[in-house]
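Below is final-v5.cif, which holds mmCIF, C-alpha atoms.
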data_my_file
#
loop_
_atom_site.label_atom_id
_atom_site.label_comp_id
_atom_site.auth_asym_id
_atom_site.auth_seq_id
_atom_site.Cartn_x
_atom_site.Cartn_y
_atom_site.Cartn_z
CA LYS A 1 16.08 -7.49 26.88
CA GLU A 2 13.35 -5.27 28.24
CA ALA A 3 15.97 -3.30 30.16
CA PHE A 4 17.42 -2.07 26.86
CA ALA A 5 14.00 -0.78 25.79
CA ASN A 6 13.45 0.85 29.20
CA LEU A 7 16.84 2.59 29.12
CA GLY A 8 16.19 3.78 25.57
CA GLU A 9 12.83 5.25 26.55
CA MET A 10 14.40 6.99 29.55
CA CYS A 11 16.94 8.66 27.26
CA ALA A 12 14.37 9.50 24.59
CA GLN A 13 11.91 11.01 27.06
CA GLY A 14 14.43 12.54 29.46
CA TRP A 15 13.12 10.53 32.40
CA GLY A 16 15.68 11.05 35.16
CA VAL A 17 18.47 11.64 32.64
CA PRO A 18 19.24 14.35 30.05
CA ARG A 19 17.24 13.78 26.87
CA ASP A 20 19.55 12.21 24.31
CA PHE A 21 18.19 10.55 21.17
CA ASN A 22 21.62 9.29 20.11
CA GLU A 23 21.97 7.44 23.39
CA ALA A 24 18.36 6.26 23.13
CA ALA A 25 19.02 4.86 19.66
CA GLU A 26 22.00 2.92 20.95
CA TRP A 27 19.97 1.27 23.73
CA PHE A 28 17.11 0.54 21.34
CA ARG A 29 19.60 -0.99 18.89
CA ARG A 30 20.92 -3.33 21.57
CA GLY A 31 17.40 -4.35 22.47
CA ALA A 32 16.42 -4.80 18.81
CA ASP A 33 19.44 -7.01 18.19
CA ALA A 34 18.30 -9.13 21.13
CA GLY A 35 14.81 -9.45 19.59
CA GLU A 36 12.94 -7.17 22.01
CA PRO A 37 9.76 -5.94 20.18
CA ARG A 38 9.40 -2.63 22.03
CA ALA A 39 13.03 -1.76 21.27
CA GLN A 40 12.52 -2.73 17.63
CA PHE A 41 9.43 -0.53 17.48
CA ASN A 42 11.12 2.49 19.04
CA LEU A 43 14.25 2.16 16.91
CA ALA A 44 12.03 1.91 13.81
CA ARG A 45 10.26 5.14 14.79
CA LEU A 46 13.60 6.92 15.10
CA HIS A 47 14.58 5.69 11.62
CA VAL A 48 11.26 6.96 10.22
CA MET A 49 11.73 10.42 11.72
CA GLY A 50 15.51 10.63 11.41
CA THR A 51 15.90 11.36 15.12
CA GLY A 52 19.19 10.19 16.60
CA VAL A 53 19.78 8.06 13.50
CA ARG A 54 19.55 8.55 9.75
CA VAL A 55 16.23 8.12 7.96
CA ASP A 56 16.05 4.53 6.75
CA LEU A 57 12.55 3.36 5.81
CA ASP A 58 13.66 -0.09 4.71
CA LYS A 59 15.28 -0.71 8.08
CA ALA A 60 12.21 0.70 9.83
CA ARG A 61 10.03 -1.69 7.83
CA ARG A 62 12.14 -4.71 8.78
CA LEU A 63 12.16 -3.76 12.47
CA LEU A 64 8.40 -3.18 12.52
CA GLN A 65 7.75 -6.46 10.72
CA GLU A 66 9.75 -8.29 13.39
CA ALA A 67 7.98 -6.46 16.21
CA ALA A 68 4.54 -7.14 14.67
CA ARG A 69 5.33 -10.84 14.25
CA ALA A 70 6.51 -11.10 17.84
CA GLN A 71 3.50 -9.25 19.29
CA PRO A 72 0.62 -9.38 16.77
CA GLN A 73 -1.79 -8.16 19.44
CA GLU A 74 -0.05 -4.76 19.57
CA PRO A 75 -1.81 -2.41 17.07
CA ARG A 76 0.84 0.34 17.31
CA TYR A 77 3.36 -1.85 15.54
CA ARG A 78 0.97 -2.56 12.67
CA ASN A 79 -0.17 1.06 12.41
CA TRP A 80 3.38 2.29 12.09
CA LEU A 81 4.26 -0.53 9.71
CA GLY A 82 1.26 0.41 7.56
CA SER A 83 2.40 4.03 7.40
CA VAL A 84 5.92 2.93 6.42
CA TYR A 85 4.51 0.70 3.68
CA TYR A 86 2.67 3.80 2.44
CA ASP A 87 5.86 5.88 2.44
CA LEU A 88 7.60 3.10 0.49
CA GLY A 89 4.85 3.06 -2.13
CA ASP A 90 3.46 -0.38 -1.20
CA TYR A 91 -0.14 0.80 -0.97
CA ASP A 92 -1.88 -2.58 -0.92
CA SER A 93 0.26 -3.73 2.03
CA ALA A 94 -0.36 -0.39 3.75
CA VAL A 95 -4.12 -0.84 3.45
CA GLU A 96 -3.96 -4.43 4.71
CA MET A 97 -1.77 -3.56 7.69
CA LEU A 98 -3.66 -0.44 8.75
CA ARG A 99 -6.97 -2.28 8.55
CA SER A 100 -5.61 -5.22 10.52
CA ALA A 101 -4.61 -2.92 13.39
CA GLY A 102 -8.29 -2.44 14.19
CA THR A 103 -9.46 -0.24 17.03
CA GLN A 104 -7.61 -1.78 19.99
CA GLY A 105 -4.82 -0.12 21.90
CA ALA A 106 -3.92 3.35 23.13
CA GLU A 107 -3.86 4.91 19.67
CA PRO A 108 -7.36 5.04 18.15
CA ALA A 109 -7.82 3.78 14.61
CA ARG A 110 -9.04 7.27 13.70
CA ALA A 111 -5.54 8.58 14.36
CA TRP A 112 -4.31 6.56 11.36
CA ASP A 113 -7.19 7.24 8.98
CA TYR A 114 -5.09 9.75 7.05
CA TYR A 115 -2.60 7.07 6.04
CA LEU A 116 -5.37 4.56 5.39
CA GLY A 117 -7.25 7.07 3.24
CA MET A 118 -4.15 8.02 1.28
CA ALA A 119 -3.18 4.38 0.72
CA LEU A 120 -6.71 3.62 -0.51
CA LEU A 121 -6.52 6.69 -2.74
CA LYS A 122 -3.25 5.50 -4.29
CA ALA A 123 -4.74 2.03 -4.71
CA GLU A 124 -7.69 3.72 -6.51
CA LYS A 125 -10.27 2.44 -4.05
CA PHE A 126 -11.94 5.81 -4.15
CA GLU A 127 -15.15 5.31 -2.20
CA GLU A 128 -13.30 3.68 0.71
CA ALA A 129 -10.64 6.40 0.53
CA ARG A 130 -13.35 9.04 0.76
CA GLU A 131 -14.74 7.52 3.95
CA ALA A 132 -11.33 7.31 5.62
CA LEU A 133 -10.37 10.85 4.61
CA LEU A 134 -13.70 12.17 5.88
CA ARG A 135 -12.87 10.70 9.29
CA ALA A 136 -9.30 12.00 9.17
CA ALA A 137 -10.47 15.51 8.24
CA ALA A 138 -13.10 15.62 10.98
CA GLU A 139 -11.01 15.24 14.13
CA PRO A 140 -7.45 15.86 15.33
CA VAL A 141 -5.03 13.02 14.67
CA GLU A 142 -2.21 14.11 16.95
CA HIS A 143 -1.30 10.48 17.62
CA ASN A 144 -0.36 10.05 13.97
CA ARG A 145 3.43 10.49 14.12
CA GLY A 146 2.76 13.50 16.32
CA LEU A 147 1.21 15.46 13.44
CA ASP A 148 -2.24 16.93 12.87
CA ARG A 149 -3.26 15.79 9.41
CA ARG A 150 -6.72 17.39 9.25
CA LYS A 151 -5.67 20.04 6.73
CA GLU A 152 -3.95 17.57 4.40
CA ALA A 153 -6.86 15.14 4.69
CA GLY A 154 -9.32 17.92 3.83
CA GLU A 155 -7.29 18.95 0.79
CA GLU A 156 -7.03 15.39 -0.51
CA LEU A 157 -10.73 14.84 0.15
CA SER A 158 -11.61 17.96 -1.87
CA ARG A 159 -9.39 16.79 -4.73
CA LEU A 160 -11.00 13.36 -4.70
CA GLU A 161 -14.54 14.82 -4.64
CA ARG A 162 -13.80 17.02 -7.67
CA HIS A 163 -12.29 14.07 -9.54
CA LEU A 164 -15.31 11.89 -8.84
CA GLU A 165 -17.73 14.66 -9.85
CA HIS A 166 -16.04 14.97 -13.25
CA ARG A 167 -16.22 11.17 -13.60
CA ARG A 168 -19.95 11.25 -12.84
CA LYS A 169 -20.50 13.98 -15.45
CA ALA A 170 -18.52 11.94 -17.98
CA ALA A 171 -20.78 8.95 -17.29
CA ARG A 172 -23.86 11.07 -17.91
CA PHE A 173 -22.44 12.25 -21.24
CA LEU A 174 -21.66 8.66 -22.21
CA SER A 175 -25.20 7.56 -21.39
CA VAL A 176 -26.47 9.84 -24.20
CA ARG A 177 -23.50 9.10 -26.50
CA GLU A 178 -21.99 12.56 -26.16
CA LEU A 179 -18.38 11.44 -26.55
CA GLY A 180 -16.96 14.95 -26.80
CA GLY A 181 -18.44 16.01 -23.48
CA ALA A 182 -17.34 12.76 -21.82
CA LYS A 183 -13.82 13.27 -23.13
CA ASP A 184 -13.63 16.79 -21.68
CA GLU A 185 -14.91 15.67 -18.28
CA LEU A 186 -12.48 12.75 -18.09
CA ALA A 187 -9.59 15.00 -19.09
CA ALA A 188 -10.61 17.39 -16.29
CA ALA A 189 -10.78 14.46 -13.83
CA MET A 190 -7.30 13.30 -14.86
CA ALA A 191 -5.91 16.81 -14.43
CA ILE A 192 -7.04 16.74 -10.79
CA LEU A 193 -6.16 13.14 -9.92
CA ALA A 194 -4.53 10.55 -12.15
CA SER A 195 -6.48 7.31 -12.33
CA ARG A 196 -5.77 4.16 -14.32
CA GLU A 197 -9.49 3.58 -14.86
CA ALA A 198 -10.15 7.15 -16.00
CA LYS A 199 -7.11 6.98 -18.27
CA ALA A 200 -8.43 3.80 -19.89
CA GLU A 201 -11.89 5.32 -20.32
CA LEU A 202 -10.39 8.45 -21.89
CA ALA A 203 -8.27 6.38 -24.29
CA ALA A 204 -11.33 4.36 -25.36
CA ILE A 205 -13.32 7.53 -26.02
CA GLU A 206 -10.50 9.09 -28.02
CA GLU A 207 -10.27 5.89 -30.09
CA SER A 208 -14.01 5.99 -30.73
CA LEU A 209 -13.85 9.66 -31.73
CA ALA A 210 -10.96 8.95 -34.10
CA ALA A 211 -12.88 6.06 -35.67
CA ARG A 212 -15.96 8.25 -36.01
CA LYS A 213 -13.88 10.96 -37.70
CA ALA A 214 -12.27 8.46 -40.07
CA LYS A 215 -15.67 7.05 -40.99
CA ARG A 216 -17.01 10.51 -41.78
CA GLY A 217 -13.92 11.22 -43.84
CA GLY A 218 -14.46 8.00 -45.79
CA LEU A 219 -18.08 8.84 -46.45
CA ALA A 220 -17.13 12.32 -47.58
CA ALA A 221 -14.52 10.91 -49.95
CA ALA A 222 -17.04 8.43 -51.34
CA GLY A 223 -19.50 11.26 -51.91
CA LEU A 224 -16.87 13.32 -53.69
CA GLY A 225 -16.01 10.37 -55.92
CA ALA A 226 -19.64 9.89 -56.90
CA ALA A 227 -19.94 13.58 -57.70
CA SER A 228 -16.83 13.42 -59.92
CA VAL A 229 -18.30 10.50 -61.89
CA SER A 230 -21.49 12.46 -62.42
CA VAL A 231 -19.60 15.49 -63.69
CA ALA A 232 -17.51 13.38 -66.04
CA GLY A 233 -20.62 11.74 -67.39
CA ALA A 234 -22.16 15.11 -68.02
CA ILE A 235 -19.11 16.25 -69.97
CA PHE A 236 -19.18 13.23 -72.27
CA LEU A 237 -22.87 13.66 -72.80
#
Could you show the structure in this file as structure tokens?
Amino acid sequence: KEAFANLGEMCAQGWGVPRDFNEAAEWFRRGADAGEPRAQFNLARLHVMGTGVRVDLDKARRLLQEAARAQPQEPRYRNWLGSVYYDLGDYDSAVEMLRSAGTQGAEPARAWDYYLGMALLKAEKFEEAREALLRAAAEPVEHNRGLDRRKEAGEELSRLERHLEHRRKAARFLSVRELGGAKDELAAAMAILASREAKAELAAIEESLAARKAKRGGLAAAGLGAASVSVAGAIFL
């Protein structure tokens, strides 16, 4: 089984043979069908990138799950599986898998902090997301699918910081019962980064403002009614 993985890597890297990803995919497929974890891993990577095969994230996920079950001590399989979970929108699984990969292996955990930070961001675990994105923005992450994600990490970090700052300002307004100011700050936070918690807070404030307005309207109407009675009384007198 390992021979299939070896032949696939030779074709993918051009080691002693012309580089051919289609041929590599075929050898990896044979190895994956035989249950060879390294072949499953490499075929999954090709399906993620669409190299030699079509992009198929569901198939990549299944292959990586099998590889990770067969060799749980191999962090590369879990790192890649975590990034695929992220691409599929399963953010909680992405966080769990990327964290479980730890710091062992050839690829440092820092190389995957971008995906961990983004998954935490989508899961609205903002403080943890901030820490991961800070790490991802600080150093090159060329191991991460071969891409340098520092720029993207920095942009997402800036967006998160601005969102959190508006949330902090909203909290300060709420502490002194300035609902209008809190509403404006939460609306600004939502415009930068949608958040279920901020959305709920904004809805509660808008409900309170509407109730306050209705109460004032009722008091005004009551006052007008009292004034009308007084005028009528004066006429009859």
Item to check | Residue IDs satisfying the PyMOL selection byres ((chain A and resi 121) around 10), as a PyMOL selection string | outcome: chain A and resi 91+115-120+122-130+132-133+156-157+160+193+195
Around (1.7, -4.0, 3.4), as given in the file, which residues come within 6 Å? Count all atoms listed in the file and list them as an mmCIF file with C-alpha atoms, in the frame of the given file.
data_model
loop_
_atom_site.group_PDB
_atom_site.id
_atom_site.type_symbol
_atom_site.label_atom_id
_atom_site.label_comp_id
_atom_site.auth_asym_id
_atom_site.auth_seq_id
_atom_site.Cartn_x
_atom_site.Cartn_y
_atom_site.Cartn_z
ATOM 1 C CA TYR A 85 4.510 0.700 3.680
ATOM 2 C CA ASP A 92 -1.880 -2.580 -0.920
ATOM 3 C CA SER A 93 0.260 -3.730 2.030
ATOM 4 C CA ALA A 94 -0.360 -0.390 3.750
ATOM 5 C CA GLU A 96 -3.960 -4.430 4.710
ATOM 6 C CA MET A 97 -1.770 -3.560 7.690
#
Item to check | Proximity to Arg38 of chain A - best of A:Arg76, A:Lys151, A:Arg54, A:Lys199, all atoms listed in the file | outcome: A:Arg76
Next on the checklist: as number ranges by chain, please: the residues near Arg29 of chain A (cut-off 8 Å, all atoms listed in the file, same-chain neighbours under 6 positions excluded).
Outcome noted: A: 39-40, 43
Next on the checklist: Between atom CA of Ala171 of chain A and atom CA of Arg159 of chain A, what distance in Å does the model show, to one decimal?
Outcome noted: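 Separation of atom CA of Ala171 of chain A and atom CA of Arg159 of chain A: 18.7 Å.
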Item to check | Residues matched by the PyMOL selection byres ((chain A and resi 33) around 12), written as a VMD selection string | outcome: chain A and resid 1 to 2 4 to 5 25 to 32 34 to 41 43 63 66 to 67
Next on the checklist: Which residues would end up in the selection if the PyMOL selection byres ((chain A and resi 10) around 12) were applied here, given that I need the answer as a list in words?
Outcome noted: Ala3, Phe4, Ala5, Asn6, Leu7, Gly8, Glu9, Cys11, Ala12, Gln13, Gly14, Trp15, Gly16, Val17, Pro18, Arg19, Asp20, Phe21, Glu23, Ala24, Ala25, Trp27, Phe28 and Asn42 of chain A
Item to check | Selection near Glu185 of chain A, 9 Å with all atoms listed in the file, sequence-local residues under 6 positions removed, as a ChimeraX atom specification | outcome: /A:165-171,173
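The space separating atom CA of Gly82 of chain A from atom CA of Leu98 of chain A comes to 5.1 Å.
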Checklist entry - Can you list, as a PyMOL selection string, every protein, DNA or RNA residue that comes within 10 Å of segment 200-211 of chain A when you count all atoms listed in the file, leaving out same-chain residues fewer than 3 positions away? => result chain A and resi 167+170+174+179-180+182-187+190+195-197+214-217
